[in-house]
Structures are given as C-alpha cells and as structure tokens.
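Structure file entry.json; described as JSON, C-alpha atoms.
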```json
[["chain", "number", "residue", "atom", "x", "y", "z"],
["A", 1, "MET", "CA", 0.00, 0.00, 0.00],
["A", 2, "PHE", "CA", 1.34, 3.47, -0.83],
["A", 3, "SER", "CA", 0.16, 7.00, -1.32],
["A", 4, "ARG", "CA", -0.32, 7.82, -4.98],
["A", 5, "LYS", "CA", -0.65, 11.58, -4.90],
["A", 6, "THR", "CA", -1.38, 13.38, -1.67],
["A", 7, "LYS", "CA", -1.52, 12.21, 1.88],
["A", 8, "LYS", "CA", -2.69, 14.23, 4.85],
["A", 9, "ILE", "CA", -3.52, 12.83, 8.24],
["A", 10, "ASN", "CA", -4.07, 15.37, 11.01],
["A", 11, "SER", "CA", -3.31, 13.68, 14.32],
["A", 12, "LYS", "CA", -4.76, 16.50, 16.43],
["A", 13, "TYR", "CA", -8.19, 16.32, 14.85],
["A", 14, "LYS", "CA", -7.83, 12.73, 13.50],
["A", 15, "SER", "CA", -8.75, 13.88, 10.03],
["A", 16, "ILE", "CA", -7.63, 12.07, 6.89],
["A", 17, "SER", "CA", -7.29, 12.89, 3.20],
["A", 18, "VAL", "CA", -5.36, 10.36, 1.16],
["A", 19, "ILE", "CA", -5.33, 8.63, -2.21],
["A", 20, "GLU", "CA", -3.83, 5.18, -1.93],
["A", 21, "ASN", "CA", -3.18, 2.18, -4.09],
["A", 22, "VAL", "CA", -4.19, -1.09, -2.46],
["A", 23, "ILE", "CA", -3.94, -4.63, -3.77],
["A", 24, "ILE", "CA", -7.49, -5.89, -4.34],
["A", 25, "GLY", "CA", -8.12, -9.06, -6.28],
["A", 26, "GLY", "CA", -4.42, -9.21, -7.08],
["A", 27, "LEU", "CA", -4.51, -5.80, -8.82],
["A", 28, "ASN", "CA", -3.43, -2.29, -7.85],
["A", 29, "GLN", "CA", -6.64, -0.34, -7.26],
["A", 30, "SER", "CA", -7.04, 3.24, -6.06],
["A", 31, "ILE", "CA", -9.12, 4.53, -3.19],
["A", 32, "LEU", "CA", -9.66, 8.04, -1.85],
["A", 33, "ILE", "CA", -10.28, 8.28, 1.90],
["A", 34, "ARG", "CA", -11.48, 11.57, 3.35],
["A", 35, "GLY", "CA", -13.00, 12.52, 6.68],
["A", 36, "GLU", "CA", -12.71, 14.98, 9.55],
["A", 37, "ASN", "CA", -12.46, 12.28, 12.19],
["A", 38, "VAL", "CA", -11.25, 8.75, 11.49],
["A", 39, "ASN", "CA", -13.38, 7.52, 14.39],
["A", 40, "ASN", "CA", -16.53, 8.31, 12.41],
["A", 41, "PRO", "CA", -18.38, 5.45, 10.68],
["A", 42, "LEU", "CA", -17.13, 4.32, 7.28],
["A", 43, "MET", "CA", -19.10, 4.99, 4.10],
["A", 44, "LEU", "CA", -17.99, 3.31, 0.87],
["A", 45, "PHE", "CA", -19.29, 4.54, -2.50],
["A", 46, "LEU", "CA", -19.62, 2.13, -5.42],
["A", 47, "HIS", "CA", -19.58, 4.20, -8.59],
["A", 48, "GLY", "CA", -21.72, 3.70, -11.65],
["A", 49, "GLY", "CA", -20.97, 3.00, -15.27],
["A", 50, "PRO", "CA", -19.58, 0.40, -15.53],
["A", 51, "GLY", "CA", -16.41, 2.48, -15.59],
["A", 52, "THR", "CA", -17.68, 5.88, -14.40],
["A", 53, "ALA", "CA", -14.98, 6.26, -11.74],
["A", 54, "GLN", "CA", -15.59, 9.17, -9.39],
["A", 55, "ILE", "CA", -12.46, 9.94, -7.37],
["A", 56, "GLY", "CA", -11.90, 12.86, -9.74],
["A", 57, "PHE", "CA", -15.20, 14.63, -9.07],
["A", 58, "ALA", "CA", -17.11, 13.16, -6.10],
["A", 59, "PRO", "CA", -15.19, 14.94, -3.28],
["A", 60, "LYS", "CA", -16.56, 18.32, -4.35],
["A", 61, "PHE", "CA", -20.04, 17.13, -3.38],
["A", 62, "GLN", "CA", -19.12, 15.21, -0.21],
["A", 63, "SER", "CA", -17.55, 17.76, 2.15],
["A", 64, "ASN", "CA", -20.52, 17.78, 4.53],
["A", 65, "LEU", "CA", -20.66, 13.98, 4.58],
["A", 66, "GLU", "CA", -17.00, 13.98, 5.58],
["A", 67, "LYS", "CA", -17.93, 15.69, 8.84],
["A", 68, "LYS", "CA", -19.90, 12.67, 10.03],
["A", 69, "PHE", "CA", -18.42, 9.79, 8.02],
["A", 70, "THR", "CA", -15.04, 8.64, 6.83],
["A", 71, "VAL", "CA", -15.90, 8.60, 3.12],
["A", 72, "ILE", "CA", -14.21, 6.20, 0.72],
["A", 73, "ASN", "CA", -14.41, 6.55, -3.05],
["A", 74, "TRP", "CA", -13.01, 3.64, -5.03],
["A", 75, "ASP", "CA", -12.09, 3.57, -8.69],
["A", 76, "GLN", "CA", -13.04, -0.03, -9.49],
["A", 77, "ARG", "CA", -10.76, -2.39, -11.41],
["A", 78, "GLY", "CA", -10.38, -1.20, -14.98],
["A", 79, "ALA", "CA", -11.76, 2.30, -14.25],
["A", 80, "GLY", "CA", -10.23, 5.68, -13.45],
["A", 81, "LEU", "CA", -7.01, 5.44, -11.47],
["A", 82, "SER", "CA", -7.43, 1.65, -11.31],
["A", 83, "TYR", "CA", -7.08, 1.28, -15.07],
["A", 84, "ALA", "CA", -3.92, -0.30, -16.44],
["A", 85, "LYS", "CA", -2.99, -1.57, -19.88],
["A", 86, "ASN", "CA", -2.26, -5.05, -18.55],
["A", 87, "ILE", "CA", -5.82, -5.58, -17.21],
["A", 88, "ARG", "CA", -7.70, -8.10, -19.35],
["A", 89, "LYS", "CA", -11.34, -7.59, -20.29],
["A", 90, "GLU", "CA", -12.11, -11.18, -19.34],
["A", 91, "ASP", "CA", -11.07, -10.38, -15.77],
["A", 92, "LEU", "CA", -13.81, -7.77, -15.51],
["A", 93, "THR", "CA", -16.77, -9.90, -14.48],
["A", 94, "ILE", "CA", -19.54, -9.23, -12.01],
["A", 95, "GLU", "CA", -18.28, -12.06, -9.83],
["A", 96, "ASN", "CA", -14.75, -10.62, -9.71],
["A", 97, "MET", "CA", -16.07, -7.12, -8.99],
["A", 98, "VAL", "CA", -18.22, -8.38, -6.12],
["A", 99, "ASN", "CA", -15.23, -10.26, -4.70],
["A", 100, "ASP", "CA", -13.20, -7.03, -5.01],
["A", 101, "THR", "CA", -15.90, -5.16, -3.11],
["A", 102, "VAL", "CA", -15.98, -7.64, -0.24],
["A", 103, "GLU", "CA", -12.19, -7.66, -0.07],
["A", 104, "LEU", "CA", -12.05, -3.86, 0.02],
["A", 105, "VAL", "CA", -14.72, -3.69, 2.74],
["A", 106, "LYS", "CA", -12.76, -6.15, 4.88],
["A", 107, "TYR", "CA", -9.57, -4.15, 4.33],
["A", 108, "LEU", "CA", -11.24, -0.91, 5.40],
["A", 109, "LEU", "CA", -12.86, -2.46, 8.44],
["A", 110, "GLY", "CA", -9.54, -3.86, 9.55],
["A", 111, "ARG", "CA", -7.66, -0.64, 8.94],
["A", 112, "PHE", "CA", -10.09, 1.52, 10.87],
["A", 113, "ASN", "CA", -10.95, -1.10, 13.50],
["A", 114, "GLU", "CA", -14.65, -1.08, 12.63],
["A", 115, "GLU", "CA", -17.11, -3.96, 12.51],
["A", 116, "LYS", "CA", -19.41, -2.70, 9.77],
["A", 117, "ILE", "CA", -19.59, -0.17, 6.96],
["A", 118, "PHE", "CA", -22.29, 1.89, 5.25],
["A", 119, "LEU", "CA", -22.45, 0.82, 1.59],
["A", 120, "VAL", "CA", -23.69, 3.22, -1.10],
["A", 121, "GLY", "CA", -24.21, 2.06, -4.67],
["A", 122, "HIS", "CA", -25.02, 4.20, -7.69],
["A", 123, "SER", "CA", -26.46, 2.74, -10.92],
["A", 124, "TRP", "CA", -24.06, -0.06, -11.97],
["A", 125, "GLY", "CA", -22.69, 0.22, -8.43],
["A", 126, "THR", "CA", -26.09, -0.88, -7.11],
["A", 127, "VAL", "CA", -25.54, -4.26, -8.77],
["A", 128, "LEU", "CA", -22.32, -4.62, -6.79],
["A", 129, "GLY", "CA", -24.13, -3.26, -3.74],
["A", 130, "ILE", "CA", -27.01, -5.74, -3.74],
["A", 131, "LEU", "CA", -24.72, -8.69, -4.49],
["A", 132, "THR", "CA", -22.21, -7.64, -1.82],
["A", 133, "VAL", "CA", -24.94, -7.30, 0.80],
["A", 134, "LYS", "CA", -26.24, -10.73, -0.19],
["A", 135, "LYS", "CA", -22.77, -12.25, 0.07],
["A", 136, "ALA", "CA", -21.51, -10.56, 3.25],
["A", 137, "PRO", "CA", -24.38, -8.97, 5.22],
["A", 138, "GLU", "CA", -22.42, -9.22, 8.47],
["A", 139, "LEU", "CA", -20.08, -6.47, 7.20],
["A", 140, "ILE", "CA", -22.79, -3.92, 6.36],
["A", 141, "HIS", "CA", -24.64, -1.44, 8.63],
["A", 142, "ALA", "CA", -27.05, -0.51, 5.84],
["A", 143, "TYR", "CA", -27.27, -0.42, 2.07],
["A", 144, "ILE", "CA", -28.19, 2.77, 0.18],
["A", 145, "GLY", "CA", -29.13, 2.37, -3.49],
["A", 146, "ILE", "CA", -29.09, 5.42, -5.81],
["A", 147, "GLY", "CA", -30.55, 4.80, -9.25],
["A", 148, "GLN", "CA", -31.10, 1.18, -8.28],
["A", 149, "VAL", "CA", -30.76, -1.41, -11.01],
["A", 150, "VAL", "CA", -33.65, -3.90, -10.83],
["A", 151, "ASN", "CA", -34.35, -5.60, -14.17],
["A", 152, "MET", "CA", -31.94, -4.37, -16.82],
["A", 153, "ARG", "CA", -33.83, -5.47, -19.93],
["A", 154, "ASP", "CA", -37.17, -4.11, -18.73],
["A", 155, "GLY", "CA", -35.45, -0.95, -17.55],
["A", 156, "GLU", "CA", -33.82, -0.38, -20.91],
["A", 157, "LYS", "CA", -37.17, -0.83, -22.67],
["A", 158, "ILE", "CA", -38.85, 1.72, -20.41],
["A", 159, "SER", "CA", -35.93, 4.08, -21.00],
["A", 160, "TYR", "CA", -36.08, 3.66, -24.79],
["A", 161, "ASP", "CA", -39.87, 4.13, -24.92],
["A", 162, "TYR", "CA", -39.57, 7.33, -22.86],
["A", 163, "THR", "CA", -36.88, 8.70, -25.18],
["A", 164, "LEU", "CA", -38.88, 7.87, -28.31],
["A", 165, "ARG", "CA", -42.05, 9.35, -26.80],
["A", 166, "LYS", "CA", -40.24, 12.62, -25.96],
["A", 167, "ALA", "CA", -38.78, 12.78, -29.46],
["A", 168, "ASN", "CA", -42.28, 12.44, -30.90],
["A", 169, "ASP", "CA", -43.78, 14.98, -28.49],
["A", 170, "LEU", "CA", -41.07, 17.49, -29.36],
["A", 171, "LYS", "CA", -41.18, 16.61, -33.07],
["A", 172, "ASN", "CA", -37.40, 16.28, -32.99],
["A", 173, "LYS", "CA", -36.69, 14.86, -36.43],
["A", 174, "LYS", "CA", -33.00, 14.21, -35.79],
["A", 175, "ALA", "CA", -33.73, 12.25, -32.63],
["A", 176, "LEU", "CA", -36.50, 10.26, -34.31],
["A", 177, "LYS", "CA", -34.26, 9.42, -37.25],
["A", 178, "GLU", "CA", -31.42, 8.20, -35.04],
["A", 179, "LEU", "CA", -33.63, 6.31, -32.60],
["A", 180, "ASN", "CA", -35.65, 4.60, -35.31],
["A", 181, "LYS", "CA", -32.50, 3.67, -37.17],
["A", 182, "VAL", "CA", -31.03, 1.74, -34.25],
["A", 183, "GLU", "CA", -34.35, 0.51, -32.81],
["A", 184, "PHE", "CA", -34.40, -1.22, -29.44],
["A", 185, "ASN", "CA", -31.42, -3.47, -28.84],
["A", 186, "PRO", "CA", -29.99, -3.24, -25.30],
["A", 187, "ASN", "CA", -27.10, -5.58, -26.15],
["A", 188, "ASP", "CA", -25.77, -3.17, -28.77],
["A", 189, "LEU", "CA", -23.44, -0.50, -27.36],
["A", 190, "LYS", "CA", -23.89, 1.66, -30.47],
["A", 191, "TYR", "CA", -27.61, 1.68, -29.74],
["A", 192, "LEU", "CA", -26.86, 2.54, -26.12],
["A", 193, "ASP", "CA", -24.72, 5.55, -27.09],
["A", 194, "ILE", "CA", -27.52, 7.02, -29.21],
["A", 195, "GLN", "CA", -30.29, 6.28, -26.74],
["A", 196, "ARG", "CA", -28.36, 7.74, -23.79],
["A", 197, "LYS", "CA", -27.49, 10.85, -25.80],
["A", 198, "TRP", "CA", -31.14, 11.66, -26.42],
["A", 199, "LEU", "CA", -32.26, 10.50, -23.00],
["A", 200, "THR", "CA", -29.93, 13.10, -21.49],
["A", 201, "LYS", "CA", -31.08, 15.83, -23.88],
["A", 202, "PHE", "CA", -34.72, 15.07, -23.01],
["A", 203, "GLY", "CA", -34.23, 15.27, -19.23],
["A", 204, "GLY", "CA", -34.47, 11.57, -18.45],
["A", 205, "SER", "CA", -30.96, 11.22, -17.09],
["A", 206, "PHE", "CA", -30.08, 14.22, -14.91],
["A", 207, "ILE", "CA", -31.58, 17.68, -14.50],
["A", 208, "GLY", "CA", -30.11, 19.22, -11.35],
["A", 209, "VAL", "CA", -26.44, 19.31, -12.33],
["A", 210, "THR", "CA", -24.48, 20.06, -15.49],
["A", 211, "MET", "CA", -21.60, 18.20, -17.09],
["A", 212, "TYR", "CA", -19.48, 21.28, -16.40],
["A", 213, "ASN", "CA", -20.19, 21.09, -12.66],
["A", 214, "LEU", "CA", -19.75, 17.35, -12.61],
["A", 215, "ILE", "CA", -16.75, 16.70, -14.87],
["A", 216, "TYR", "CA", -15.31, 19.57, -16.90],
["A", 217, "SER", "CA", -14.67, 22.00, -14.04],
["A", 218, "ASN", "CA", -12.80, 19.27, -12.20],
["A", 219, "MET", "CA", -10.41, 18.81, -15.09],
["A", 220, "LEU", "CA", -9.15, 22.33, -14.38],
["A", 221, "PHE", "CA", -9.57, 22.78, -10.65],
["A", 222, "ALA", "CA", -9.65, 19.41, -8.85],
["A", 223, "THR", "CA", -6.42, 17.86, -7.56],
["A", 224, "GLU", "CA", -7.40, 14.20, -7.27],
["A", 225, "TYR", "CA", -6.75, 13.49, -10.97],
["A", 226, "THR", "CA", -3.91, 14.85, -13.07],
["A", 227, "ILE", "CA", -4.44, 15.91, -16.68],
["A", 228, "LYS", "CA", -2.95, 12.56, -17.68],
["A", 229, "ASP", "CA", -5.52, 10.80, -15.50],
["A", 230, "TRP", "CA", -8.36, 12.66, -17.17],
["A", 231, "MET", "CA", -6.95, 11.80, -20.59],
["A", 232, "SER", "CA", -7.21, 8.08, -19.78],
["A", 233, "TYR", "CA", -10.56, 8.45, -17.99],
["A", 234, "MET", "CA", -12.77, 8.01, -21.05],
["A", 235, "LYS", "CA", -10.62, 5.19, -22.41],
["A", 236, "ALA", "CA", -10.93, 3.35, -19.10],
["A", 237, "GLY", "CA", -14.67, 3.94, -18.99],
["A", 238, "LYS", "CA", -15.16, 2.51, -22.47],
["A", 239, "PHE", "CA", -12.94, -0.46, -21.59],
["A", 240, "SER", "CA", -15.05, -1.23, -18.51],
["A", 241, "LEU", "CA", -18.36, -0.81, -20.32],
["A", 242, "ASP", "CA", -17.26, -3.06, -23.20],
["A", 243, "ALA", "CA", -16.12, -5.72, -20.74],
["A", 244, "LEU", "CA", -19.15, -5.78, -18.44],
["A", 245, "TRP", "CA", -22.21, -4.65, -20.38],
["A", 246, "GLN", "CA", -23.31, -7.98, -21.86],
["A", 247, "GLU", "CA", -23.30, -9.57, -18.43],
["A", 248, "LEU", "CA", -24.90, -6.55, -16.79],
["A", 249, "VAL", "CA", -27.83, -6.46, -19.20],
["A", 250, "GLU", "CA", -28.92, -9.89, -17.95],
["A", 251, "VAL", "CA", -29.29, -8.75, -14.31],
["A", 252, "ASN", "CA", -32.80, -9.18, -12.91],
["A", 253, "PHE", "CA", -33.04, -8.89, -9.13],
["A", 254, "LEU", "CA", -36.81, -9.37, -9.23],
["A", 255, "GLU", "CA", -36.14, -13.00, -10.09],
["A", 256, "THR", "CA", -32.90, -13.64, -8.22],
["A", 257, "ILE", "CA", -32.79, -11.71, -4.92],
["A", 258, "SER", "CA", -35.98, -11.24, -2.93],
["A", 259, "GLU", "CA", -34.51, -10.97, 0.56],
["A", 260, "LEU", "CA", -31.61, -9.10, 2.19],
["A", 261, "GLU", "CA", -30.41, -9.25, 5.78],
["A", 262, "VAL", "CA", -29.57, -5.56, 6.29],
["A", 263, "PRO", "CA", -31.61, -2.33, 6.33],
["A", 264, "VAL", "CA", -32.12, -0.96, 2.82],
["A", 265, "TRP", "CA", -32.80, 2.54, 1.53],
["A", 266, "PHE", "CA", -33.65, 3.14, -2.11],
["A", 267, "LEU", "CA", -33.19, 6.79, -3.12],
["A", 268, "VAL", "CA", -35.17, 7.58, -6.26],
["A", 269, "GLY", "CA", -35.03, 10.53, -8.62],
["A", 270, "LYS", "CA", -38.48, 11.53, -9.84],
["A", 271, "TYR", "CA", -37.15, 12.02, -13.38],
["A", 272, "ASP", "CA", -34.88, 8.98, -13.55],
["A", 273, "TYR", "CA", -35.51, 7.08, -16.76],
["A", 274, "GLN", "CA", -32.01, 5.62, -16.88],
["A", 275, "THR", "CA", -32.74, 3.12, -14.12],
["A", 276, "PRO", "CA", -36.49, 3.72, -14.21],
["A", 277, "PHE", "CA", -38.20, 4.58, -10.94],
["A", 278, "GLN", "CA", -41.16, 2.33, -11.77],
["A", 279, "LEU", "CA", -39.02, -0.77, -11.38],
["A", 280, "VAL", "CA", -37.40, 0.51, -8.18],
["A", 281, "GLU", "CA", -40.88, 0.90, -6.67],
["A", 282, "GLN", "CA", -41.77, -2.63, -7.76],
["A", 283, "TYR", "CA", -38.62, -4.09, -6.23],
["A", 284, "PHE", "CA", -39.07, -2.10, -3.03],
["A", 285, "ASN", "CA", -42.57, -3.48, -2.59],
["A", 286, "THR", "CA", -41.46, -7.09, -2.92],
["A", 287, "LEU", "CA", -38.06, -7.00, -1.18],
["A", 288, "GLU", "CA", -37.92, -8.47, 2.31],
["A", 289, "CYS", "CA", -35.36, -7.02, 4.75],
["A", 290, "PRO", "CA", -35.18, -5.86, 8.40],
["A", 291, "LYS", "CA", -36.06, -2.30, 7.43],
["A", 292, "LYS", "CA", -36.64, -0.59, 4.12],
["A", 293, "GLU", "CA", -37.42, 2.93, 2.97],
["A", 294, "LEU", "CA", -38.00, 4.47, -0.43],
["A", 295, "VAL", "CA", -37.07, 8.15, -0.52],
["A", 296, "TRP", "CA", -38.13, 10.34, -3.43],
["A", 297, "PHE", "CA", -35.97, 13.18, -4.74],
["A", 298, "GLU", "CA", -38.44, 15.46, -6.46],
["A", 299, "ASN", "CA", -35.91, 17.58, -8.37],
["A", 300, "SER", "CA", -33.56, 14.87, -9.57],
["A", 301, "GLY", "CA", -32.98, 12.28, -12.20],
["A", 302, "HIS", "CA", -30.31, 9.61, -12.15],
["A", 303, "LEU", "CA", -27.63, 11.58, -10.24],
["A", 304, "LEU", "CA", -29.60, 12.65, -7.19],
["A", 305, "ASN", "CA", -26.60, 12.70, -4.83],
["A", 306, "TYR", "CA", -25.14, 15.43, -7.07],
["A", 307, "GLU", "CA", -28.44, 17.04, -8.08],
["A", 308, "GLU", "CA", -29.85, 17.41, -4.54],
["A", 309, "THR", "CA", -26.71, 17.10, -2.46],
["A", 310, "ASP", "CA", -28.09, 18.66, 0.73],
["A", 311, "LYS", "CA", -31.08, 16.34, 0.82],
["A", 312, "PHE", "CA", -28.88, 13.33, 0.07],
["A", 313, "ASN", "CA", -26.56, 14.24, 2.93],
["A", 314, "GLU", "CA", -29.51, 14.66, 5.29],
["A", 315, "VAL", "CA", -30.87, 11.23, 4.37],
["A", 316, "CYS", "CA", -27.45, 9.65, 4.98],
["A", 317, "LEU", "CA", -27.22, 11.27, 8.41],
["A", 318, "ASN", "CA", -30.68, 9.99, 9.30],
["A", 319, "ILE", "CA", -29.64, 6.49, 8.24],
["A", 320, "LYS", "CA", -26.54, 6.75, 10.40],
["A", 321, "GLU", "CA", -28.64, 7.76, 13.42],
["A", 322, "PHE", "CA", -30.99, 4.84, 12.86],
["A", 323, "CYS", "CA", -28.22, 2.25, 12.54],
["A", 324, "ILE", "CA", -25.75, 3.39, 15.20]]
```
Target encoding structure tokens, full file:
Amino acid sequence: MFSRKTKKINSKYKSISVIENVIIGGLNQSILIRGENVNNPLMLFLHGGPGTAQIGFAPKFQSNLEKKFTVINWDQRGAGLSYAKNIRKEDLTIENMVNDTVELVKYLLGRFNEEKIFLVGHSWGTVLGILTVKKAPELIHAYIGIGQVVNMRDGEKISYDYTLRKANDLKNKKALKELNKVEFNPNDLKYLDIQRKWLTKFGGSFIGVTMYNLIYSNMLFATEYTIKDWMSYMKAGKFSLDALWQELVEVNFLETISELEVPVWFLVGKYDYQTPFQLVEQYFNTLECPKKELVWFENSGHLLNYEETDKFNEVCLNIKEFCI
C-alpha cells in the first residue's frame, strides 16, 4: 500500500485525506479516503458506469458527509485510477467485482478497526451493492441504493420508450431518425450511445447538475486526478463498459434476490428514466429485509446525490442515526 498523490492525516483532529493504491483481487486499485475524524463510521461509494470512476469529481459534493463519516471513493478495477494496460477484459466480471468489493470492505474495516460499513451504490454500483450485501451482510450497517438497477432489460425498454415518446412529443426529427435507425437493442453498445445521448437531452438522465459542474470543471480545478488521469478516464470507462455490459444487461433482481439481511434505503429521482423509478418501486414493494425505505428526490434524475446534495446528505445522516 502506498500514497499515490497526496496524503494528509491530522493527528490532532484525526482527520484524513489520502489517495492510496491497495492490492485488491491481485490488482493495484485506487481509493480516496477523506473525513474529519477517522473515528466516524465508514461509508464506501460504489460508482456507476460500468467504468464511471468518481475519485476525480465526487469529493466536491461530499464535504458535509465527511464531517460525520469517513468517506471512501473507489475507482473499481479497470476504471479511473485503477485502469492499467495489462488488465484483461475477461477479468472484468460481475463475480470478480463483487469479490473485489468484499475484499475492500474487509480491508477498510480492519484498517479503521470497525465492525461494519455503510455501503452506497449508484447505478451499476447498485448491482455490486445488492450482491455484496447478499454475500456478506455481516459487514454492512445498511445499504443505500441510488438509481437502483432492478431488471436491466425491462429498464432499458422503459428508457427507450420514454426517449422515443419525448422525441415524438417534441417533433425532434434528428432524434427520431437516429432512434428509429437503431431501434431497441440493449445488447448493442452503439444503440446505447444514441439512446443515452437523447435521454440526457430530453431530461431523463439528470436535470439538477451540469456536465461542467460534474466533470469539466474538475479537469481544471480538482487535484485528485492529473491531466494525464483525465486523458485516460474516457478510455478506461469505455474499456469497462465493453467488458461488463453484456453480463450486466442480464441482471434481474426481481427474479434472483428477494430478501436481504440488512436495512435498505432506495433513493429515487423523480425524473430517472435511466434506471427507471417504476421498477425501483416494484422491487421495493417485494423485497424483504429488516427495514426498508423508499425516498423520493423530487428535483432529480439519475444523479440525485449530485443534483440534490443537501437532501442526500440529510438522508445519509438519518440512516446513520438509525443504525448506530
């Protein structure tokens, strides 16, 4: 284990701010650990994508969380700072990624002398989240799902139908031409690129944050990634998506996981048609667990923790108070 870029541990206040490489699953993988007091509970974020690593931009939105949690952002194998040319696509499988997650959780618990962690998944990260909770519930205080994946194929159909309906309503000829040309084929990444482009333009992805706030401003002002890191960011993201998408599109938790052994919170953006809210409601109603809550974010889409940051932080603090 070694510090990659910056390391700051304040012994007086027990604060921490460090990017480290750790060996997870036999590979060098990067984590960012930040918090004002290392005695606070641990909160691990599982980023979306696959491949949408967030060490480079998430800290800007998490400063208030860092007052009450020790927050860990992890660039998963093959993504962000954890990308390397010698990583093979065939080694990026859901099983390997879940094993990585469990291994990382155990490492963090041992390092900070904690028994359990708060686990937060976003989008693709919710697949890892649900499967990790199922595999190792004894390590988890609570699971928080943002843009929860439920049934990928059904979700993609709802998302496509929404995009096509908006294109018709707006009489957007370019969108209609492109969408009708590719038609619905969730296995095809070329289809996915076109559908996601128009979904975003039509407000079905995110509405409360801009790409400048989220990504572009960080290329100039954030310190967690260098310019070189940002240059490889998109390449790593495409690599991860290519490797994992065909397996991901077959995920259907409605048929495979009906019970979890930890408290569960699903946080749902009212305008999320990327992982459609209808399916999250359906899964919430059928899922059995010790406690469950579905929390609506009325001014958000798929990125509610960045679109309504204050509300997200408040929900996380309430969860902490319930669990500890």
All residues 12 Å or closer to region 27-31 of chain A, only C-alpha atoms, same chain fewer than 5 positions away omitted, as a VMD selection string: chain A and resid 1 to 7 17 to 22 44 to 47 53 to 56 71 to 88 91 to 92 96 to 97 100 to 101 103 to 105 107 to 108 224 to 225
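For the choices A:Phe57, A:Glu114, A:Val295, A:Leu131, the atom-to-atom distance to Phe221 (chain A) is smallest for A:Phe57 when using all atoms listed in the file.
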Close residues, Asn213 (chain A) itself excluded, 12 Å, all atoms listed in the file, min 6 positions apart in chain, as an MDAnalysis selection string: chainID A and resid 57:58 60:61 219:222 306:307
Selected residue, from A:Val182, A:Leu65, A:Leu42, A:Ile227, that lies nearest to Glu314 (chain A) when counting all atoms listed in the file: A:Leu65
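Rounded to one decimal, CA of Trp296 (chain A) and CA of Ser205 (chain A) lie 15.5 Å from each other.
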Contacts of region 167-170 of chain A at 9 Å (all atoms listed in the file; same-chain gap of 6+ positions) as number ranges by chain: A: 176, 179, 198, 202
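Using all atoms listed in the file, the protein and nucleic acid residues lying no more than 8 Å from His122 (chain A), apart from those fewer than 3 places from it along its own chain, are A:Phe45, A:Leu46, A:His47, A:Gly48, A:Gly125, A:Thr126, A:Gly145, A:Ile146, A:Gly147, A:Gln148.
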Non-local contacts of Lys292 (chain A) (12 Å; all atoms listed in the file; under 2 positions in same chain excluded) as JSON, numbers by chain: {"A": [142, 143, 144, 145, 259, 260, 261, 262, 263, 264, 265, 266, 267, 281, 283, 284, 285, 286, 287, 288, 289, 290, 294, 295, 319, 322]}
Nearest to Pro41 (chain A), chosen from A:Gln274, A:Thr70, A:Thr163, A:Thr132, with only C-alpha atoms counted in the distances: A:Thr70
Pairwise distance for CA of Glu298 (chain A) and CA of Lys270 (chain A), rounded to one decimal in Å: 5.2 Å
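In this structure, CA of Glu183 (chain A) sits 22.2 Å away from CA of Asn252 (chain A).
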Could you work out an axis-aligned box for region 317-320 of chain A, taking every atom the file lists and adding 6 Å on each side, and report centre and edge lengths in Å to one decimal, as lines of an AutoDock Vina configuration file?
```
center_x = -28.6
center_y = 8.9
center_z = 9.3
size_x = 16.1
size_y = 16.8
size_z = 14.2
```
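Remark: for Pro50 (chain A), the closest of the candidate residues A:Lys291, A:Lys238, A:Lys201, A:Lys134 is A:Lys238 (distances computed over all atoms listed in the file).
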How about completing region 39-43 of chain A with all heavy atoms and giving it to me as an mmCIF file, in the coordinates of the input?
```cif
data_model
loop_
_atom_site.group_PDB
_atom_site.id
_atom_site.type_symbol
_atom_site.label_atom_id
_atom_site.label_comp_id
_atom_site.auth_asym_id
_atom_site.auth_seq_id
_atom_site.Cartn_x
_atom_site.Cartn_y
_atom_site.Cartn_z
ATOM 1 N N ASN A 39 -12.531 8.331 13.512
ATOM 2 C CA ASN A 39 -13.380 7.520 14.390
ATOM 3 C C ASN A 39 -14.837 7.509 13.948
ATOM 4 O O ASN A 39 -15.656 6.792 14.525
ATOM 5 C CB ASN A 39 -13.286 8.017 15.835
ATOM 6 C CG ASN A 39 -11.901 7.793 16.425
ATOM 7 O OD1 ASN A 39 -11.297 6.743 16.216
ATOM 8 N ND2 ASN A 39 -11.386 8.782 17.137
ATOM 9 N N ASN A 40 -15.171 8.320 12.945
ATOM 10 C CA ASN A 40 -16.530 8.310 12.410
ATOM 11 C C ASN A 40 -16.786 7.026 11.638
ATOM 12 O O ASN A 40 -15.850 6.363 11.172
ATOM 13 C CB ASN A 40 -16.741 9.515 11.488
ATOM 14 C CG ASN A 40 -16.974 10.803 12.246
ATOM 15 O OD1 ASN A 40 -17.457 10.791 13.381
ATOM 16 N ND2 ASN A 40 -16.637 11.931 11.629
ATOM 17 N N PRO A 41 -18.060 6.655 11.447
ATOM 18 C CA PRO A 41 -18.380 5.450 10.680
ATOM 19 C C PRO A 41 -17.871 5.544 9.239
ATOM 20 O O PRO A 41 -17.733 6.637 8.681
ATOM 21 C CB PRO A 41 -19.917 5.404 10.720
ATOM 22 C CG PRO A 41 -20.306 6.249 11.862
ATOM 23 C CD PRO A 41 -19.264 7.303 11.993
ATOM 24 N N LEU A 42 -17.625 4.401 8.648
ATOM 25 C CA LEU A 42 -17.130 4.320 7.280
ATOM 26 C C LEU A 42 -18.284 4.286 6.289
ATOM 27 O O LEU A 42 -19.286 3.612 6.506
ATOM 28 C CB LEU A 42 -16.285 3.061 7.096
ATOM 29 C CG LEU A 42 -15.072 2.890 8.011
ATOM 30 C CD1 LEU A 42 -14.462 1.511 7.806
ATOM 31 C CD2 LEU A 42 -14.048 3.970 7.759
ATOM 32 N N MET A 43 -18.119 5.001 5.186
ATOM 33 C CA MET A 43 -19.100 4.990 4.100
ATOM 34 C C MET A 43 -18.361 4.779 2.793
ATOM 35 O O MET A 43 -17.552 5.616 2.376
ATOM 36 C CB MET A 43 -19.905 6.288 4.062
ATOM 37 C CG MET A 43 -20.857 6.395 2.872
ATOM 38 S SD MET A 43 -21.948 7.848 2.949
ATOM 39 C CE MET A 43 -23.231 7.238 4.049
#
```
